[in-house]
>>> print(open('protein13.cif').read())   # mmCIF, C-alpha atoms
data_target
#
loop_
_atom_site.label_atom_id
_atom_site.label_comp_id
_atom_site.auth_asym_id
_atom_site.auth_seq_id
_atom_site.Cartn_x
_atom_site.Cartn_y
_atom_site.Cartn_z
CA MET H 460 -12.12 -19.63 -15.13
CA ALA H 461 -9.84 -20.05 -12.14
CA SER H 462 -12.08 -21.11 -9.26
CA ASN H 463 -9.55 -20.15 -6.59
CA TRP H 464 -6.17 -18.57 -6.05
CA GLU H 465 -4.21 -21.82 -6.50
CA GLU H 466 -5.67 -22.30 -9.96
CA PHE H 467 -4.93 -18.69 -10.83
CA TYR H 468 -1.21 -19.14 -10.12
CA ALA H 469 -1.19 -22.49 -11.92
CA LYS H 470 -2.70 -21.01 -15.08
CA ASN H 471 -0.96 -17.61 -15.19
CA PRO H 472 2.81 -17.67 -15.78
CA PRO H 473 5.08 -15.61 -13.49
CA PRO H 474 6.95 -12.52 -14.71
CA LEU H 475 10.21 -13.34 -16.46
CA ASP H 476 12.31 -11.57 -13.81
CA LEU H 477 10.48 -13.04 -10.80
CA LEU H 478 13.54 -14.83 -9.42
CA ASN H 479 15.59 -11.62 -9.42
CA SER H 480 12.78 -9.71 -7.72
CA GLU H 481 12.43 -12.46 -5.12
CA ASN H 482 16.13 -12.35 -4.34
CA LEU H 483 16.07 -8.56 -3.98
CA MET H 484 13.11 -8.68 -1.58
CA LYS H 485 14.57 -11.50 0.51
CA LYS H 486 17.90 -9.71 0.80
CA PHE H 487 16.16 -6.45 1.71
CA ALA H 488 14.07 -8.18 4.40
CA GLN H 489 17.15 -9.83 5.88
CA GLN H 490 19.08 -6.55 5.96
CA HIS H 491 16.24 -4.85 7.86
CA GLU H 492 14.97 -7.77 9.92
CA ASP H 493 15.35 -5.82 13.18
CA GLN H 494 13.31 -2.89 11.87
CA LYS H 495 9.72 -2.28 10.82
CA ILE H 496 9.17 -2.88 7.11
CA ALA H 497 6.23 -1.61 5.09
CA ILE H 498 5.33 -3.07 1.75
CA VAL H 499 3.37 -0.45 -0.16
CA THR H 500 1.58 -1.59 -3.31
CA SER H 501 0.68 1.14 -5.75
CA GLY H 502 -0.91 1.88 -9.11
CA GLY H 503 -3.30 0.01 -11.35
CA THR H 504 -2.89 -3.31 -13.14
CA THR H 505 -3.40 -4.10 -16.80
CA VAL H 506 -5.43 -7.07 -18.02
CA PRO H 507 -4.15 -8.09 -21.47
CA LEU H 508 -6.69 -9.02 -24.13
CA GLU H 509 -4.09 -10.78 -26.29
CA HIS H 510 -0.93 -12.82 -25.63
CA ASN H 511 0.93 -10.56 -28.07
CA THR H 512 -0.52 -7.63 -26.23
CA VAL H 513 -1.73 -4.59 -28.12
CA ARG H 514 -4.94 -3.97 -26.18
CA TYR H 515 -5.66 -4.31 -22.49
CA VAL H 516 -8.15 -3.33 -19.78
CA ASP H 517 -6.84 -0.72 -17.34
CA ASN H 518 -8.06 1.72 -14.69
CA PHE H 519 -7.41 5.35 -13.85
CA SER H 520 -4.99 4.84 -10.94
CA ALA H 521 -1.75 6.81 -11.24
CA GLY H 522 -0.36 5.47 -7.95
CA THR H 523 -0.66 8.81 -6.15
CA ARG H 524 -1.69 7.49 -2.74
CA GLY H 525 0.90 4.74 -2.75
CA ALA H 526 3.81 6.98 -3.77
CA ILE H 527 2.96 9.63 -1.18
CA SER H 528 2.36 7.06 1.56
CA ALA H 529 5.71 5.37 0.92
CA GLU H 530 7.47 8.66 1.70
CA TYR H 531 5.59 9.07 4.98
CA PHE H 532 6.41 5.50 6.02
CA LEU H 533 10.07 6.36 5.41
CA ASP H 534 9.63 9.55 7.47
CA ASN H 535 8.36 7.37 10.31
CA GLY H 536 11.45 5.18 10.32
CA TYR H 537 10.20 2.26 8.26
CA SER H 538 12.11 0.52 5.53
CA VAL H 539 9.88 0.26 2.46
CA ILE H 540 9.37 -2.16 -0.39
CA PHE H 541 7.51 -0.16 -3.00
CA LEU H 542 5.71 -2.57 -5.35
CA HIS H 543 4.37 -0.36 -8.09
CA ARG H 544 2.94 -0.25 -11.59
CA LEU H 545 5.59 0.59 -14.17
CA LYS H 546 5.44 4.29 -15.11
CA SER H 547 3.11 5.15 -12.23
CA LEU H 548 4.13 7.75 -9.65
CA GLU H 549 7.13 6.93 -7.45
CA PRO H 550 8.35 8.32 -4.12
CA PHE H 551 10.35 11.55 -4.43
CA SER H 552 10.16 11.89 -8.22
CA ARG H 553 6.38 12.26 -7.85
CA HIS H 554 6.97 15.85 -6.66
CA PHE H 555 7.81 16.83 -10.23
CA ALA H 556 5.30 14.66 -12.09
CA ASN H 557 2.90 17.49 -12.90
CA GLN H 558 5.62 19.87 -13.99
CA SER H 559 7.88 19.60 -16.99
CA PHE H 560 11.33 18.85 -15.60
CA LEU H 561 12.91 20.56 -18.59
CA ASP H 562 11.19 23.81 -17.59
CA MET H 563 13.08 23.65 -14.29
CA LEU H 564 16.47 23.65 -16.01
CA ASP H 565 18.65 26.50 -17.22
CA LEU H 566 21.21 26.07 -19.97
CA GLY H 567 24.43 28.08 -19.92
CA ILE H 568 27.80 28.07 -21.68
CA ASN H 569 31.23 27.91 -20.06
CA ASP H 570 34.30 27.78 -22.29
CA GLU H 571 32.00 26.85 -25.14
CA GLN H 572 30.75 23.84 -23.16
CA PRO H 573 27.04 23.58 -22.24
CA ILE H 574 26.22 23.71 -18.51
CA VAL H 575 22.90 22.48 -17.19
CA GLN H 576 21.67 23.60 -13.77
CA ILE H 577 18.44 23.96 -11.82
CA SER H 578 16.74 27.32 -12.30
CA SER H 579 17.13 29.46 -9.19
CA GLN H 580 13.38 29.58 -8.56
CA TYR H 581 13.29 25.77 -8.20
CA THR H 582 16.60 25.18 -6.42
CA GLU H 583 15.19 24.99 -2.89
CA GLN H 584 12.33 22.71 -3.93
CA VAL H 585 14.53 20.28 -5.86
CA SER H 586 17.41 20.23 -3.35
CA LYS H 587 15.06 19.45 -0.46
CA VAL H 588 13.61 16.41 -2.22
CA LEU H 589 16.99 15.33 -3.63
CA CYS H 590 18.76 15.46 -0.25
CA LYS H 591 16.04 13.38 1.33
CA TYR H 592 16.12 10.85 -1.50
CA LYS H 593 19.91 10.52 -1.39
CA GLU H 594 19.84 9.96 2.38
CA ILE H 595 17.24 7.19 2.01
CA LEU H 596 19.37 5.54 -0.67
CA LYS H 597 22.45 5.80 1.53
CA GLN H 598 20.57 4.08 4.34
CA GLY H 599 19.29 1.42 1.91
CA ARG H 600 15.73 1.76 3.21
CA LEU H 601 13.86 1.79 -0.10
CA LEU H 602 13.47 -1.05 -2.60
CA GLN H 603 11.37 -0.46 -5.71
CA ILE H 604 9.92 -3.37 -7.68
CA ASN H 605 7.64 -2.78 -10.66
CA PHE H 606 4.88 -4.70 -12.42
CA THR H 607 2.52 -4.10 -15.33
CA THR H 608 -0.08 -6.85 -15.56
CA LEU H 609 -2.45 -8.20 -12.94
CA ALA H 610 -0.72 -11.59 -13.01
CA ASP H 611 2.70 -10.02 -12.51
CA TYR H 612 1.39 -8.07 -9.53
CA LEU H 613 -0.14 -11.10 -7.82
CA TRP H 614 3.00 -13.21 -8.34
CA LEU H 615 5.18 -10.46 -6.89
CA LEU H 616 2.80 -9.90 -3.97
CA ARG H 617 3.00 -13.56 -3.01
CA SER H 618 6.79 -13.44 -3.26
CA ALA H 619 6.83 -10.33 -1.06
CA CYS H 620 4.83 -12.25 1.53
CA GLN H 621 7.37 -15.06 1.47
CA ALA H 622 10.19 -12.55 1.98
CA LEU H 623 8.51 -10.70 4.86
CA ALA H 624 6.83 -13.59 6.68
CA PRO H 625 9.85 -14.07 9.03
CA LEU H 626 9.40 -10.49 10.31
CA LYS H 627 5.95 -11.41 11.66
CA GLU H 628 4.30 -8.45 13.41
CA LYS H 629 7.04 -6.00 12.30
CA ALA H 630 5.76 -6.20 8.71
CA ILE H 631 2.93 -3.96 7.57
CA PHE H 632 1.15 -4.54 4.26
CA TYR H 633 -0.36 -1.34 2.87
CA LEU H 634 -2.26 -2.66 -0.14
CA ALA H 635 -3.05 0.54 -2.03
CA ALA H 636 -2.66 -0.89 -5.55
CA ALA H 637 -5.84 -0.77 -7.64
CA ALA H 638 -5.76 -4.41 -8.68
CA SER H 639 -8.31 -5.44 -11.28
CA ASP H 640 -11.30 -7.50 -10.16
CA PHE H 641 -11.59 -9.11 -13.59
CA TYR H 642 -9.26 -10.87 -16.02
CA ILE H 643 -9.12 -13.17 -19.03
CA PRO H 644 -7.60 -16.62 -18.40
CA PRO H 645 -4.63 -17.27 -20.70
CA ASN H 646 -6.33 -20.22 -22.40
CA GLU H 647 -9.22 -17.93 -23.44
CA MET H 648 -7.03 -15.06 -24.63
CA ALA H 649 -6.40 -14.31 -28.30
CA VAL H 650 -2.86 -15.06 -29.44
CA HIS H 651 -2.55 -12.10 -31.83
CA LYS H 652 -4.10 -8.65 -32.08
CA ILE H 653 -7.89 -8.89 -32.03
CA SER H 654 -9.40 -8.01 -35.39
CA SER H 655 -11.27 -4.73 -35.62
CA SER H 656 -13.51 -5.97 -38.43
CA GLY H 657 -16.32 -6.46 -35.93
CA PRO H 658 -17.13 -6.09 -32.22
CA PRO H 659 -15.17 -8.71 -30.26
CA LYS H 660 -16.82 -10.98 -27.73
CA ILE H 661 -14.77 -10.86 -24.54
CA ALA H 662 -15.72 -12.72 -21.37
CA LEU H 663 -14.03 -11.39 -18.25
CA GLN H 664 -13.72 -13.68 -15.23
CA LEU H 665 -13.55 -12.79 -11.55
CA VAL H 666 -10.08 -12.64 -10.00
CA PRO H 667 -9.85 -14.84 -6.88
CA LYS H 668 -9.58 -12.90 -3.66
CA ILE H 669 -5.85 -13.07 -2.92
CA LEU H 670 -6.35 -11.21 0.37
CA LYS H 671 -7.75 -14.39 1.91
CA PRO H 672 -4.62 -16.60 1.58
CA LEU H 673 -2.41 -13.57 2.22
CA VAL H 674 -3.92 -13.00 5.66
CA SER H 675 -4.62 -16.59 6.68
CA LEU H 676 -1.64 -18.44 5.16
CA TRP H 677 1.19 -16.30 3.81
CA VAL H 678 1.68 -13.60 6.47
CA PRO H 679 -0.71 -14.50 9.32
CA ASP H 680 1.28 -12.44 11.86
CA ALA H 681 1.60 -9.27 9.77
CA PHE H 682 -0.37 -6.03 10.07
CA VAL H 683 -2.48 -5.86 6.90
CA ILE H 684 -4.42 -2.85 5.59
CA SER H 685 -6.55 -2.90 2.45
CA PHE H 686 -8.33 -0.14 0.56
CA LYS H 687 -11.89 0.31 -0.65
CA LEU H 688 -12.85 2.88 -3.28
CA GLU H 689 -16.53 3.46 -3.99
CA THR H 690 -18.72 5.87 -5.92
CA ASP H 691 -21.85 5.18 -3.82
CA GLU H 692 -21.59 6.55 -0.27
CA ASN H 693 -24.29 4.13 0.91
CA LEU H 694 -22.07 1.15 0.13
CA LEU H 695 -18.74 2.43 1.46
CA ILE H 696 -18.78 1.29 5.09
CA SER H 697 -20.76 -1.89 4.57
CA LYS H 698 -18.43 -3.12 1.82
CA ALA H 699 -15.36 -2.26 3.87
CA ARG H 700 -16.71 -4.16 6.87
CA ASP H 701 -17.70 -7.11 4.69
CA ALA H 702 -14.08 -7.31 3.54
CA LEU H 703 -12.84 -7.30 7.14
CA ASN H 704 -15.27 -10.06 8.10
CA ASN H 705 -14.34 -12.15 5.07
CA TYR H 706 -10.56 -11.82 5.21
CA GLN H 707 -9.86 -11.06 8.89
CA HIS H 708 -7.22 -8.38 8.34
CA LYS H 709 -6.81 -5.29 10.53
CA PHE H 710 -8.21 -2.20 8.80
CA VAL H 711 -9.73 -0.92 5.59
CA VAL H 712 -9.01 2.60 4.37
CA ALA H 713 -12.29 3.48 2.66
CA ASN H 714 -12.87 6.52 0.48
CA MET H 715 -15.17 7.97 -2.12
CA LEU H 716 -13.83 8.57 -5.62
CA GLN H 717 -14.73 12.25 -5.63
CA THR H 718 -13.32 13.14 -2.17
CA ARG H 719 -10.42 10.69 -1.77
CA LYS H 720 -7.87 13.49 -1.28
CA GLU H 721 -9.90 15.25 1.43
CA ARG H 722 -11.58 12.46 3.40
CA VAL H 723 -11.07 8.78 4.20
CA VAL H 724 -12.76 6.47 6.68
CA ILE H 725 -10.67 4.04 8.71
CA VAL H 726 -12.83 0.95 9.22
CA SER H 727 -12.23 -1.86 11.70
CA LYS H 728 -14.50 -4.76 12.62
CA ASP H 729 -15.73 -2.81 15.64
CA ASP H 730 -15.91 0.82 14.60
CA ASN H 731 -14.99 3.44 12.04
CA TYR H 732 -13.81 7.05 12.08
CA GLU H 733 -12.93 9.74 9.58
CA ILE H 734 -9.64 11.38 8.72
CA THR H 735 -10.25 14.69 6.98
CA MET H 736 -8.41 17.68 5.61
CA THR H 737 -9.35 21.30 6.27
CA LYS H 738 -9.30 23.88 3.50
CA SER H 739 -6.39 25.58 5.27
CA GLU H 740 -4.34 22.37 5.34
CA ILE H 741 -5.00 21.74 1.65
CA SER H 742 -4.04 25.31 0.72
CA GLN H 743 -0.76 24.88 2.60
CA GLY H 744 0.09 21.79 0.56
CA MET H 745 -0.49 19.23 3.32
CA GLU H 746 -1.39 15.73 2.15
CA ILE H 747 -4.00 13.50 3.77
CA GLU H 748 -1.61 10.55 3.53
CA LYS H 749 0.50 12.15 6.27
CA LYS H 750 -2.45 11.81 8.65
CA ILE H 751 -3.33 8.32 7.43
CA ILE H 752 0.19 6.99 7.95
CA ALA H 753 0.56 8.66 11.36
CA ASP H 754 -2.66 6.99 12.48
CA LEU H 755 -1.68 3.55 11.15
CA VAL H 756 1.85 3.75 12.56
CA GLU H 757 0.39 4.32 16.02
CA LYS H 758 -1.85 1.28 15.59
CA HIS H 759 1.00 -0.81 14.21
CA ASP H 760 3.20 0.04 17.21
CA LYS H 761 0.43 -1.12 19.56
CA PHE H 762 0.01 -4.27 17.48
CA ILE H 763 3.73 -5.04 17.81
CA LEU H 764 3.67 -4.42 21.57
CA ASP H 765 0.62 -6.64 22.05
CA ALA H 766 2.24 -9.43 20.01
CA LYS H 767 5.41 -9.29 22.12
CA MET H 768 3.46 -9.31 25.38
CA SER H 769 1.42 -12.33 24.28
CA ARG H 770 4.51 -14.45 23.68
#
>>> encode(input="protein13.cif", output="structure tokens")
Amino acid sequence: MASNWEEFYAKNPPPLDLLNSENLMKKFAQQHEDQKIAIVTSGGTTVPLEHNTVRYVDNFSAGTRGAISAEYFLDNGYSVIFLHRLKSLEPFSRHFANQSFLDMLDLGINDEQPIVQISSQYTEQVSKVLCKYKEILKQGRLLQINFTTLADYLWLLRSACQALAPLKEKAIFYLAAAASDFYIPPNEMAVHKISSSGPPKIALQLVPKILKPLVSLWVPDAFVISFKLETDENLLISKARDALNNYQHKFVVANMLQTRKERVVIVSKDDNYEITMTKSEISQGMEIEKKIIADLVEKHDKFILDAKMSR
């Protein structure tokens, strides 16, 4: 078992393309060093049960909150590094995730050649999202980096900290990824597919709390927000505040599993308050992430101003 975060990195190998991802993030940070940059982590992490992985432990996260939030950070003028689980929801394309894209297409024939176009009933919807996406790409304000396993995610998160540390208070870390709390150390993992001839004995170990070195060592001047998901309302605020006391970051966005799309609680060390959605807002297609990001952007701006005034 890794007793702390240093041992975890020593025992778990980095992703094969780590150097390329590091170079992309460093270049992105340098290109936008005079702007506010948000790193949004999103989606769940897998915990392999074998080195030649067939089976793994996962969670239900589809990356919905992270993908939506990344768009609203972009709307608020931020440049965004979107660190996300492979095949989870992504900004812009997430608008069509619950609808078969093929059903949105019409097929015609012109001079015996097939022509594919968007069906008229979807043209406005698709063009609105596409225009916005193309403009963001033109501005170079979105960098997407993907991961699959827990180890890959934690290696990339540390590299992102190294890339953004020079931005100090202009960097905001929006840690919405549902990172696993448990893992199997590589030296205790089966090499090949676990036999199904009998029930396997698997001992999961606790993942070291990476938020601690992130806040205290890697990006001590950044604006860091974590997330807390609970199924017991009685534990929600106390666990969020325990995290703030332990890791000394700025805010926790706390929510219940059943109502996470209608209500969140923003928790600081001193107080807490709710952000909620009305039935009318939900029926009109409004997303709670718009309110969350607007609230955090206001706090981040004050944080930047206070940091400048203190120098």
>>> resolve_selection(input="protein13.cif", expression="the PyMOL selection byres ((chain H and resi 678) around 12)", output="JSON, numbers by chain")
{"H": [616, 617, 618, 619, 620, 621, 622, 623, 624, 625, 626, 627, 628, 629, 630, 631, 632, 670, 671, 672, 673, 674, 675, 676, 677, 679, 680, 681, 682, 683, 708]}
>>> residues_around(input="protein13.cif", residues="Asn482 of chain H", least_positions_apart="2", cutoff="12 Å", atoms="all atoms listed in the file", output="ChimeraX atom specification")
/H:476-480,484-489,602,604,615,618-619,621-622
>>> resolve_selection(input="protein13.cif", expression="the PyMOL selection byres ((chain H and resi 611) around 9)", output="list in words")
Asn471, Pro472, Pro473, Pro474, Leu477, Thr504, Asn605, Phe606, Thr607, Thr608, Leu609, Ala610, Tyr612, Leu613, Trp614, Leu615 and Leu616 of chain H
>>> resolve_selection(input="protein13.cif", expression="the PyMOL selection byres ((chain H and resi 516) around 12)", output="ChimeraX atom specification")
/H:503-509,512-515,517-519,607-609,638-643,661,663
>>> residues_near_point(input="protein13.cif", point="(18.3, 27.1, -15.5)", cutoff="6 Å", atoms="only C-alpha atoms", output="PyMOL selection string")
chain H and resi 564-566+576-578
>>> closest_residue(input="protein13.cif", among="H:Thr523, H:Gly657, H:Asn511, H:Lys709", to="Ala637 of chain H", atoms="all atoms listed in the file")
H:Thr523
>>> closest_residue(input="protein13.cif", among="H:Ala556, H:Ala753, H:Val712, H:Gln707", to="Leu695 of chain H", atoms="all atoms listed in the file")
H:Val712
>>> atom_distance(input="protein13.cif", atom1="atom CA of Leu483 of chain H", atom2="atom CA of Leu601 of chain H")
11.3 Å
>>> atom_distance(input="protein13.cif", atom1="atom CA of Leu694 of chain H", atom2="atom CA of Val723 of chain H")
14.0 Å
>>> residues_around(input="protein13.cif", residues="Ser547 of chain H", least_positions_apart="4", cutoff="9 Å", atoms="all atoms listed in the file", output="JSON, numbers by chain")
{"H": [501, 502, 503, 520, 521, 522, 523, 526, 543, 553]}
>>> residues_around(input="protein13.cif", residues="segment 587-600 of chain H", least_positions_apart="2", cutoff="10 Å", atoms="all atoms listed in the file", output="PyMOL selection string")
chain H and resi 487+490-491+496+530+533-534+536-540+550-552+554-555+582-585+602
>>> atom_distance(input="protein13.cif", atom1="atom CA of Ser579 of chain H", atom2="atom CA of Phe560 of chain H")
13.7 Å
>>> closest_residue(input="protein13.cif", among="H:Lys668, H:His651, H:His510, H:Lys660", to="Trp464 of chain H", atoms="only C-alpha atoms")
H:Lys668
>>> closest_residue(input="protein13.cif", among="H:Gln558, H:Gln580, H:Ser528, H:Ser727", to="Asn704 of chain H", atoms="only C-alpha atoms")
H:Ser727
>>> decode(input="protein13.cif", residues="segment 510-572 of chain H", atoms="C-alpha atoms", output="compact mmCIF listing (two decimals), in the first residue's frame")
# COMPACT_ATOMS: atom_id res chain seq x y z
CA HIS H 510 -1.94 -5.57 -15.72
CA ASN H 511 -3.30 -7.01 -18.98
CA THR H 512 -6.57 -5.33 -18.18
CA VAL H 513 -9.84 -7.09 -18.87
CA ARG H 514 -11.65 -6.16 -15.66
CA TYR H 515 -11.62 -2.95 -13.67
CA VAL H 516 -13.49 -1.04 -10.97
CA ASP H 517 -15.38 2.01 -12.25
CA ASN H 518 -18.10 4.45 -11.19
CA PHE H 519 -21.20 5.91 -12.81
CA SER H 520 -19.78 9.33 -13.75
CA ALA H 521 -20.33 10.30 -17.39
CA GLY H 522 -18.56 13.66 -17.01
CA THR H 523 -21.75 15.69 -17.37
CA ARG H 524 -20.93 18.43 -14.86
CA GLY H 525 -17.39 18.85 -16.10
CA ALA H 526 -18.33 19.07 -19.79
CA ILE H 527 -21.10 21.60 -19.15
CA SER H 528 -18.96 23.66 -16.78
CA ALA H 529 -16.10 23.87 -19.29
CA GLU H 530 -18.44 25.58 -21.76
CA TYR H 531 -19.55 28.14 -19.18
CA PHE H 532 -15.94 28.91 -18.24
CA LEU H 533 -15.31 29.57 -21.94
CA ASP H 534 -18.42 31.79 -22.03
CA ASN H 535 -16.91 33.80 -19.18
CA GLY H 536 -13.68 34.47 -21.07
CA TYR H 537 -11.48 31.76 -19.60
CA SER H 538 -9.14 29.55 -21.54
CA VAL H 539 -9.76 25.93 -20.53
CA ILE H 540 -7.74 22.77 -20.15
CA PHE H 541 -10.31 20.01 -20.13
CA LEU H 542 -8.78 16.93 -18.47
CA HIS H 543 -11.35 14.22 -19.03
CA ARG H 544 -12.01 10.50 -18.99
CA LEU H 545 -11.75 8.99 -22.47
CA LYS H 546 -15.23 8.54 -24.00
CA SER H 547 -16.92 10.65 -21.33
CA LEU H 548 -18.92 13.73 -22.31
CA GLU H 549 -17.00 16.62 -23.89
CA PRO H 550 -17.80 20.31 -24.34
CA PHE H 551 -20.00 21.06 -27.37
CA SER H 552 -20.38 17.48 -28.59
CA ARG H 553 -22.20 16.70 -25.32
CA HIS H 554 -25.28 18.48 -26.74
CA PHE H 555 -25.85 15.50 -29.02
CA ALA H 556 -24.83 12.69 -26.67
CA ASN H 557 -28.37 11.56 -25.89
CA GLN H 558 -29.51 11.68 -29.49
CA SER H 559 -28.38 9.50 -32.35
CA PHE H 560 -26.36 11.79 -34.61
CA LEU H 561 -27.32 9.67 -37.61
CA ASP H 562 -30.98 10.51 -36.97
CA MET H 563 -30.09 14.18 -37.45
CA LEU H 564 -28.78 13.60 -40.97
CA ASP H 565 -30.56 13.50 -44.31
CA LEU H 566 -29.17 11.64 -47.30
CA GLY H 567 -29.77 12.93 -50.81
CA ILE H 568 -28.46 12.31 -54.32
CA ASN H 569 -26.98 14.87 -56.70
CA ASP H 570 -25.66 13.69 -60.07
CA GLU H 571 -25.70 10.18 -58.68
CA GLN H 572 -23.41 11.27 -55.83
